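File shown: my_file_3.txt (compact mmCIF, N, CA and C atoms).
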```
# COMPACT_ATOMS: atom_id res chain seq x y z
N MET C 1 131.95 123.70 88.30
CA MET C 1 130.84 124.23 89.08
C MET C 1 129.52 123.76 88.45
N LYS C 2 128.67 123.23 89.28
CA LYS C 2 127.39 122.71 88.81
C LYS C 2 126.46 123.87 88.47
N SER C 3 125.70 123.73 87.38
CA SER C 3 124.75 124.78 87.02
C SER C 3 123.54 124.71 87.94
N VAL C 4 122.90 125.87 88.12
CA VAL C 4 121.81 126.00 89.08
C VAL C 4 120.58 126.61 88.41
N ILE C 5 119.42 126.03 88.71
CA ILE C 5 118.13 126.62 88.34
C ILE C 5 117.49 127.09 89.64
N VAL C 6 117.17 128.38 89.72
CA VAL C 6 116.53 128.95 90.90
C VAL C 6 115.02 128.81 90.76
N VAL C 7 114.38 128.28 91.80
CA VAL C 7 112.93 128.08 91.79
C VAL C 7 112.33 128.72 93.05
N PRO C 8 111.81 129.95 92.93
CA PRO C 8 111.15 130.58 94.07
C PRO C 8 109.81 129.90 94.34
N VAL C 9 109.52 129.62 95.60
CA VAL C 9 108.26 128.96 95.97
C VAL C 9 107.60 129.71 97.11
N ASP C 10 106.25 129.65 97.12
CA ASP C 10 105.50 130.32 98.18
C ASP C 10 104.28 129.52 98.64
N GLY C 11 104.15 128.28 98.16
CA GLY C 11 103.02 127.46 98.55
C GLY C 11 101.82 127.58 97.62
N SER C 12 101.91 128.42 96.60
CA SER C 12 100.79 128.61 95.68
C SER C 12 100.76 127.51 94.62
N GLU C 13 99.61 127.39 93.92
CA GLU C 13 99.49 126.43 92.83
C GLU C 13 100.47 126.76 91.70
N HIS C 14 100.69 128.06 91.45
CA HIS C 14 101.62 128.46 90.40
C HIS C 14 103.05 128.04 90.76
N ALA C 15 103.41 128.13 92.03
CA ALA C 15 104.74 127.69 92.47
C ALA C 15 104.87 126.17 92.32
N ASP C 16 103.80 125.44 92.62
CA ASP C 16 103.81 123.98 92.41
C ASP C 16 104.10 123.66 90.95
N SER C 17 103.41 124.36 90.05
CA SER C 17 103.61 124.13 88.62
C SER C 17 105.03 124.50 88.20
N ALA C 18 105.54 125.60 88.76
CA ALA C 18 106.91 126.02 88.44
C ALA C 18 107.92 124.96 88.88
N LEU C 19 107.71 124.38 90.05
CA LEU C 19 108.62 123.33 90.52
C LEU C 19 108.61 122.14 89.57
N HIS C 20 107.43 121.70 89.15
CA HIS C 20 107.35 120.56 88.23
C HIS C 20 108.04 120.88 86.91
N THR C 21 107.89 122.10 86.43
CA THR C 21 108.57 122.51 85.19
C THR C 21 110.08 122.51 85.39
N ALA C 22 110.54 123.03 86.53
CA ALA C 22 111.97 123.06 86.82
C ALA C 22 112.55 121.65 86.91
N ILE C 23 111.81 120.73 87.48
CA ILE C 23 112.25 119.33 87.55
C ILE C 23 112.42 118.76 86.14
N GLN C 24 111.45 119.03 85.28
CA GLN C 24 111.55 118.56 83.89
C GLN C 24 112.76 119.17 83.19
N LEU C 25 112.98 120.47 83.39
CA LEU C 25 114.15 121.12 82.78
C LEU C 25 115.45 120.52 83.31
N SER C 26 115.51 120.27 84.59
CA SER C 26 116.71 119.70 85.19
C SER C 26 117.02 118.34 84.58
N LYS C 27 115.99 117.52 84.43
CA LYS C 27 116.19 116.19 83.85
C LYS C 27 116.57 116.27 82.38
N ALA C 28 116.02 117.23 81.67
CA ALA C 28 116.30 117.36 80.23
C ALA C 28 117.69 117.92 79.95
N TYR C 29 118.21 118.72 80.86
CA TYR C 29 119.49 119.39 80.62
C TYR C 29 120.58 118.95 81.58
N ASP C 30 120.87 117.67 81.61
CA ASP C 30 121.99 117.13 82.37
C ASP C 30 121.93 117.44 83.86
N SER C 31 120.75 117.45 84.41
CA SER C 31 120.50 117.58 85.85
C SER C 31 121.17 118.76 86.55
N PRO C 32 120.89 119.99 86.12
CA PRO C 32 121.35 121.11 86.95
C PRO C 32 120.69 121.01 88.33
N GLU C 33 121.38 121.51 89.30
CA GLU C 33 120.85 121.52 90.67
C GLU C 33 119.74 122.55 90.78
N LEU C 34 118.66 122.19 91.48
CA LEU C 34 117.59 123.14 91.75
C LEU C 34 117.88 123.83 93.08
N LEU C 35 117.74 125.14 93.10
CA LEU C 35 117.83 125.90 94.35
C LEU C 35 116.43 126.39 94.65
N ILE C 36 115.79 125.77 95.63
CA ILE C 36 114.42 126.08 96.01
C ILE C 36 114.48 127.21 97.04
N VAL C 37 113.88 128.35 96.69
CA VAL C 37 114.02 129.56 97.50
C VAL C 37 112.65 130.04 97.97
N ASN C 38 112.56 130.34 99.25
CA ASN C 38 111.40 131.05 99.78
C ASN C 38 111.91 132.36 100.37
N VAL C 39 111.33 133.47 99.91
CA VAL C 39 111.72 134.78 100.42
C VAL C 39 110.60 135.31 101.30
N GLN C 40 110.93 135.47 102.56
CA GLN C 40 110.00 136.05 103.51
C GLN C 40 110.12 137.58 103.46
N PRO C 41 108.99 138.28 103.51
CA PRO C 41 109.08 139.75 103.47
C PRO C 41 109.79 140.30 104.71
N SER C 42 110.56 141.34 104.49
CA SER C 42 111.27 141.97 105.60
C SER C 42 110.28 142.66 106.53
N LEU C 43 110.46 142.48 107.80
CA LEU C 43 109.60 143.13 108.80
C LEU C 43 110.35 144.20 109.58
N GLU C 44 111.57 144.48 109.16
CA GLU C 44 112.39 145.44 109.90
C GLU C 44 111.97 146.87 109.59
N THR C 45 111.45 147.52 110.60
CA THR C 45 111.14 148.95 110.54
C THR C 45 111.54 149.55 111.88
N PHE C 46 111.46 150.83 111.96
CA PHE C 46 111.75 151.50 113.22
C PHE C 46 110.83 150.97 114.33
N HIS C 47 109.56 150.78 114.00
CA HIS C 47 108.59 150.36 115.00
C HIS C 47 108.79 148.92 115.44
N THR C 48 109.16 148.03 114.52
CA THR C 48 109.36 146.65 114.94
C THR C 48 110.53 146.55 115.91
N HIS C 49 111.54 147.40 115.71
CA HIS C 49 112.67 147.40 116.65
C HIS C 49 112.23 147.86 118.04
N LEU C 50 111.24 148.73 118.10
CA LEU C 50 110.76 149.22 119.39
C LEU C 50 109.95 148.18 120.15
N PHE C 51 109.18 147.38 119.42
CA PHE C 51 108.21 146.52 120.08
C PHE C 51 108.53 145.03 120.04
N PHE C 52 109.46 144.63 119.19
CA PHE C 52 109.73 143.20 119.04
C PHE C 52 111.22 142.92 119.15
N ASP C 53 111.53 141.73 119.57
CA ASP C 53 112.89 141.23 119.59
C ASP C 53 113.21 140.78 118.16
N MET C 54 114.13 141.48 117.49
CA MET C 54 114.42 141.21 116.09
C MET C 54 114.97 139.80 115.87
N SER C 55 115.72 139.28 116.82
CA SER C 55 116.22 137.91 116.65
C SER C 55 115.06 136.91 116.67
N GLU C 56 114.04 137.21 117.47
CA GLU C 56 112.86 136.34 117.52
C GLU C 56 112.08 136.44 116.20
N LEU C 57 111.95 137.65 115.66
CA LEU C 57 111.27 137.81 114.37
C LEU C 57 112.00 137.06 113.26
N LYS C 58 113.33 137.15 113.25
CA LYS C 58 114.11 136.44 112.23
C LYS C 58 113.94 134.92 112.36
N LYS C 59 113.87 134.45 113.59
CA LYS C 59 113.65 133.03 113.83
C LYS C 59 112.29 132.61 113.28
N ILE C 60 111.26 133.42 113.51
CA ILE C 60 109.92 133.13 113.02
C ILE C 60 109.90 133.14 111.49
N GLN C 61 110.58 134.11 110.88
CA GLN C 61 110.63 134.16 109.42
C GLN C 61 111.30 132.91 108.85
N GLN C 62 112.39 132.47 109.45
CA GLN C 62 113.06 131.25 109.00
C GLN C 62 112.14 130.04 109.13
N GLU C 63 111.43 129.96 110.26
CA GLU C 63 110.52 128.83 110.47
C GLU C 63 109.39 128.83 109.45
N GLU C 64 108.81 130.01 109.19
CA GLU C 64 107.71 130.10 108.23
C GLU C 64 108.19 129.77 106.82
N GLY C 65 109.34 130.26 106.45
CA GLY C 65 109.91 129.94 105.14
C GLY C 65 110.19 128.46 105.01
N GLN C 66 110.72 127.86 106.06
CA GLN C 66 111.03 126.43 106.02
C GLN C 66 109.75 125.60 105.91
N LYS C 67 108.67 126.04 106.55
CA LYS C 67 107.38 125.33 106.43
C LYS C 67 106.94 125.30 104.97
N VAL C 68 107.10 126.43 104.28
CA VAL C 68 106.72 126.47 102.86
C VAL C 68 107.58 125.49 102.08
N ILE C 69 108.88 125.54 102.26
CA ILE C 69 109.79 124.65 101.54
C ILE C 69 109.51 123.19 101.87
N ASP C 70 109.21 122.90 103.13
CA ASP C 70 108.93 121.51 103.53
C ASP C 70 107.80 120.90 102.72
N GLY C 71 106.86 121.74 102.28
CA GLY C 71 105.74 121.25 101.47
C GLY C 71 106.17 120.73 100.11
N TYR C 72 107.39 121.01 99.70
CA TYR C 72 107.89 120.58 98.39
C TYR C 72 108.90 119.44 98.48
N LEU C 73 109.31 119.08 99.67
CA LEU C 73 110.40 118.11 99.82
C LEU C 73 110.08 116.72 99.29
N ASP C 74 108.85 116.24 99.50
CA ASP C 74 108.51 114.91 98.97
C ASP C 74 108.62 114.89 97.45
N THR C 75 108.10 115.92 96.81
CA THR C 75 108.17 116.01 95.34
C THR C 75 109.62 116.03 94.89
N LEU C 76 110.45 116.80 95.58
CA LEU C 76 111.86 116.89 95.21
C LEU C 76 112.57 115.56 95.39
N ARG C 77 112.35 114.90 96.50
CA ARG C 77 112.99 113.61 96.75
C ARG C 77 112.58 112.57 95.71
N GLU C 78 111.27 112.54 95.41
CA GLU C 78 110.77 111.58 94.42
C GLU C 78 111.32 111.85 93.02
N SER C 79 111.62 113.11 92.73
CA SER C 79 112.09 113.46 91.39
C SER C 79 113.49 112.93 91.10
N GLY C 80 114.30 112.80 92.14
CA GLY C 80 115.67 112.34 91.96
C GLY C 80 116.63 113.41 91.48
N VAL C 81 116.18 114.65 91.29
CA VAL C 81 117.08 115.70 90.84
C VAL C 81 117.82 116.29 92.04
N PRO C 82 119.05 116.74 91.85
CA PRO C 82 119.77 117.35 92.95
C PRO C 82 119.13 118.71 93.31
N TYR C 83 119.11 119.01 94.60
CA TYR C 83 118.51 120.27 95.02
C TYR C 83 119.11 120.75 96.33
N ARG C 84 118.97 122.04 96.56
CA ARG C 84 119.26 122.68 97.84
C ARG C 84 118.08 123.59 98.14
N THR C 85 117.98 124.02 99.40
CA THR C 85 116.91 124.94 99.78
C THR C 85 117.51 126.16 100.46
N LEU C 86 116.77 127.24 100.39
CA LEU C 86 117.22 128.49 101.00
C LEU C 86 116.01 129.31 101.43
N VAL C 87 116.02 129.76 102.67
CA VAL C 87 115.04 130.74 103.14
C VAL C 87 115.77 132.05 103.25
N ASP C 88 115.20 133.09 102.65
CA ASP C 88 115.82 134.41 102.63
C ASP C 88 114.79 135.43 103.09
N VAL C 89 115.25 136.62 103.41
CA VAL C 89 114.37 137.70 103.87
C VAL C 89 114.65 138.96 103.08
N GLY C 90 113.61 139.63 102.64
CA GLY C 90 113.75 140.88 101.91
C GLY C 90 112.62 141.08 100.93
N GLN C 91 112.83 141.97 99.97
CA GLN C 91 111.86 142.17 98.89
C GLN C 91 112.01 141.00 97.93
N PRO C 92 110.96 140.19 97.74
CA PRO C 92 111.13 138.96 96.95
C PRO C 92 111.74 139.15 95.57
N LYS C 93 111.24 140.09 94.77
CA LYS C 93 111.79 140.20 93.41
C LYS C 93 113.26 140.61 93.43
N GLU C 94 113.65 141.45 94.38
CA GLU C 94 115.06 141.85 94.48
C GLU C 94 115.92 140.71 94.97
N ARG C 95 115.46 140.01 95.99
CA ARG C 95 116.26 138.91 96.55
C ARG C 95 116.40 137.76 95.55
N ILE C 96 115.34 137.48 94.79
CA ILE C 96 115.41 136.38 93.82
C ILE C 96 116.48 136.66 92.77
N HIS C 97 116.48 137.88 92.22
CA HIS C 97 117.51 138.13 91.20
C HIS C 97 118.89 138.27 91.82
N ASP C 98 119.00 138.75 93.05
CA ASP C 98 120.30 138.79 93.72
C ASP C 98 120.84 137.38 93.96
N ILE C 99 119.96 136.48 94.38
CA ILE C 99 120.36 135.09 94.62
C ILE C 99 120.77 134.44 93.29
N ALA C 100 119.98 134.66 92.25
CA ALA C 100 120.32 134.09 90.93
C ALA C 100 121.68 134.59 90.46
N ARG C 101 121.95 135.86 90.67
CA ARG C 101 123.25 136.42 90.26
C ARG C 101 124.38 135.80 91.09
N ALA C 102 124.20 135.74 92.39
CA ALA C 102 125.24 135.20 93.27
C ALA C 102 125.52 133.72 92.97
N GLU C 103 124.49 132.98 92.59
CA GLU C 103 124.62 131.55 92.30
C GLU C 103 125.05 131.29 90.86
N LYS C 104 125.13 132.36 90.06
CA LYS C 104 125.41 132.22 88.62
C LYS C 104 124.41 131.26 87.98
N ALA C 105 123.14 131.47 88.32
CA ALA C 105 122.07 130.60 87.85
C ALA C 105 121.98 130.62 86.33
N VAL C 106 121.64 129.48 85.78
CA VAL C 106 121.44 129.38 84.33
C VAL C 106 119.99 129.63 83.96
N HIS C 107 119.10 129.63 84.97
CA HIS C 107 117.67 129.78 84.69
C HIS C 107 116.94 130.08 85.99
N ILE C 108 115.83 130.81 85.89
CA ILE C 108 114.89 130.98 86.99
C ILE C 108 113.55 130.47 86.49
N VAL C 109 112.89 129.62 87.28
CA VAL C 109 111.56 129.13 86.93
C VAL C 109 110.64 129.57 88.07
N ILE C 110 109.66 130.42 87.73
CA ILE C 110 108.82 131.04 88.75
C ILE C 110 107.35 130.97 88.35
N GLY C 111 106.49 130.84 89.34
CA GLY C 111 105.05 130.85 89.09
C GLY C 111 104.57 132.23 88.67
N ALA C 112 103.52 132.26 87.86
CA ALA C 112 102.99 133.52 87.34
C ALA C 112 102.43 134.40 88.45
N ARG C 113 101.80 133.78 89.41
CA ARG C 113 101.25 134.53 90.54
C ARG C 113 101.44 133.70 91.80
N GLY C 114 101.65 134.40 92.88
CA GLY C 114 101.84 133.70 94.14
C GLY C 114 100.73 134.01 95.12
N LEU C 115 101.08 133.94 96.37
CA LEU C 115 100.11 134.17 97.43
C LEU C 115 100.20 135.59 97.98
N GLY C 116 100.73 136.52 97.20
CA GLY C 116 100.87 137.90 97.65
C GLY C 116 99.52 138.54 97.92
N PRO C 117 99.51 139.64 98.69
CA PRO C 117 98.26 140.28 99.07
C PRO C 117 97.55 140.97 97.91
N VAL C 118 98.26 141.34 96.87
CA VAL C 118 97.65 142.02 95.74
C VAL C 118 97.83 141.14 94.51
N ARG C 119 96.75 140.79 93.88
CA ARG C 119 96.82 139.97 92.68
C ARG C 119 96.57 140.86 91.47
N ARG C 120 97.40 140.70 90.47
CA ARG C 120 97.24 141.47 89.24
C ARG C 120 96.48 140.63 88.23
N PRO C 121 95.78 141.28 87.28
CA PRO C 121 95.06 140.51 86.27
C PRO C 121 95.99 139.82 85.28
N PHE C 122 97.26 140.19 85.26
CA PHE C 122 98.24 139.53 84.41
C PHE C 122 99.32 138.99 85.31
N LEU C 123 100.56 139.06 84.93
CA LEU C 123 101.64 138.50 85.74
C LEU C 123 101.68 139.14 87.12
N GLY C 124 102.00 138.34 88.12
CA GLY C 124 102.15 138.87 89.47
C GLY C 124 103.33 139.83 89.54
N SER C 125 103.31 140.72 90.51
CA SER C 125 104.36 141.74 90.59
C SER C 125 105.74 141.15 90.83
N VAL C 126 105.84 140.05 91.57
CA VAL C 126 107.15 139.43 91.81
C VAL C 126 107.68 138.82 90.53
N SER C 127 106.86 138.00 89.85
CA SER C 127 107.33 137.37 88.62
C SER C 127 107.64 138.43 87.56
N TYR C 128 106.86 139.46 87.49
CA TYR C 128 107.09 140.55 86.54
C TYR C 128 108.43 141.24 86.84
N GLY C 129 108.69 141.54 88.11
CA GLY C 129 109.94 142.17 88.51
C GLY C 129 111.14 141.29 88.25
N VAL C 130 111.01 140.00 88.54
CA VAL C 130 112.11 139.06 88.30
C VAL C 130 112.40 138.98 86.80
N LEU C 131 111.35 138.91 85.99
CA LEU C 131 111.51 138.83 84.55
C LEU C 131 112.33 139.98 84.00
N HIS C 132 112.09 141.17 84.51
CA HIS C 132 112.74 142.36 83.95
C HIS C 132 114.12 142.66 84.53
N HIS C 133 114.51 141.99 85.59
CA HIS C 133 115.80 142.30 86.21
C HIS C 133 116.71 141.09 86.38
N ALA C 134 116.29 139.94 85.92
CA ALA C 134 117.05 138.71 86.14
C ALA C 134 118.34 138.68 85.32
N PRO C 135 119.37 138.07 85.87
CA PRO C 135 120.65 137.94 85.16
C PRO C 135 120.72 136.73 84.23
N CYS C 136 119.59 136.02 84.07
CA CYS C 136 119.56 134.80 83.28
C CYS C 136 118.16 134.63 82.70
N PRO C 137 117.95 133.64 81.83
CA PRO C 137 116.60 133.40 81.31
C PRO C 137 115.62 133.07 82.42
N VAL C 138 114.37 133.51 82.21
CA VAL C 138 113.30 133.29 83.18
C VAL C 138 112.14 132.59 82.48
N THR C 139 111.62 131.55 83.10
CA THR C 139 110.40 130.90 82.62
C THR C 139 109.32 131.17 83.66
N ILE C 140 108.20 131.74 83.20
CA ILE C 140 107.08 132.02 84.08
C ILE C 140 106.00 130.98 83.78
N VAL C 141 105.57 130.27 84.83
CA VAL C 141 104.66 129.14 84.68
C VAL C 141 103.30 129.47 85.27
N HIS C 142 102.25 129.20 84.51
CA HIS C 142 100.88 129.39 85.01
C HIS C 142 100.41 128.17 85.74
```
Using structure tokens, write down the structure from this file.
Amino acid sequence: MKSVIVVPVDGSEHADSALHTAIQLSKAYDSPELLIVNVQPSLETFHTHLFFDMSELKKIQQEEGQKVIDGYLDTLRESGVPYRTLVDVGQPKERIHDIARAEKAVHIVIGARGLGPVRRPFLGSVSYGVLHHAPCPVTIVH
């Protein structure tokens, strides 16, 4: 089984830096596969079920997540490292560590802060949550 480095991305400068760091790690350590993940926030509530077609919302979330990932594809192709992509839906810090556990990831490389609505003066809430609950080593990149 090939080892996997999980790289959550959201289009931020910190995520760009995290991807470049993950590429360097992959090349240095016998080319583990990169799993590029974008987690879209869950929109499922009682009210969304009343007013929206949930299958349409899921389609929009997949499209938006794929747009974010598409912004990294040229860099990934040029790097020559093996990679896969995944768009997921849920609470980002929970989904990232769940994905890392399911993939038996050897590492998570994540940006210090993303494009979330609330910015902290230190580590972002997603990177902080991933750091404290991850099943493997985590590198946080500024």
Which residues are near Gln91 (chain C)? Cut-off 8 Å, only C-alpha atoms, ignore same chain within fewer than 3 positions. Put them as an MDAnalysis selection string. chainID C and resid 39:42 94:95
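Straight-line separation from atom C of Pro82 (chain C) to atom C of Ile23 (chain C): 9.8 Å.
Distance annotation: of C:Lys67, C:Leu57, C:His142, C:Ser125, the residue with the minimal separation from Leu43 (chain C) is C:Leu57; atom set is all atoms listed in the file.
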Please run DSSP on the backbone and report, as a PyMOL selection string, all residues within region 17-125 of chain C that come out as strand (DSSP E or B). chain C and resi 33-40+83-89+107-111
May I ask for the distance between atom C of Gly90 (chain C) and atom N of Ile69 (chain C), given in Å to one decimal place?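 So the two atoms, atom C of Gly90 (chain C) and atom N of Ile69 (chain C), lie 16.0 Å apart.
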Expressed in Å, the length from atom N of Ser12 (chain C) to CA of Val81 (chain C) is 20.6 Å
Write out as a PyMOL selection string which residues come within 5 Å of Val7 (chain C) when counting only N, CA and C atoms, dropping same-chain ones fewer than 3 positions away. chain C and resi 35-37+109
May I ask which of the residues C:Val87, C:Ile110, C:Leu25, C:Ala105 is the closest one to Pro8 (chain C), counting only C-alpha atoms?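 The answer is C:Ile110, which sits nearest to Pro8 (chain C).
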Padding 4 Å on every side, please: axis-aligned box over the listed atoms of region 128-134 of chain C, centre and edge lengths to one decimal in Å, as AutoDock Vina command-line options.
```
--center_x 112.6 --center_y 140.7 --center_z 86.2 --size_x 19.5 --size_y 12.0 --size_z 12.6
```
Considering only C-alpha atoms, state which residue in the set C:Ile108, C:Val6, C:Val130, C:Asp16 is at the smallest distance from Leu86 (chain C).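 Of C:Ile108, C:Val6, C:Val130, C:Asp16, the one nearest Leu86 (chain C), counting only C-alpha atoms, is C:Val6.
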Give me, as a ChimeraX atom specification, all polymer residues having an atom no more than 5 Å from Leu34 (chain C), counting all atoms listed in the file and skipping those fewer than 3 positions away in the same chain. /C:5,82-84
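Each of C:His97, C:Ile140, C:Gly11, C:Thr85 was checked against Gly71 (chain C) using only N, CA and C atoms; the smallest atom-to-atom distance is that of C:Gly11.
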Nearby residues (all atoms listed in the file) at most 7 Å from Ser127 (chain C), same-chain spacing under 4 positions excluded, as a ChimeraX atom specification: /C:93,110-113,123,131-132
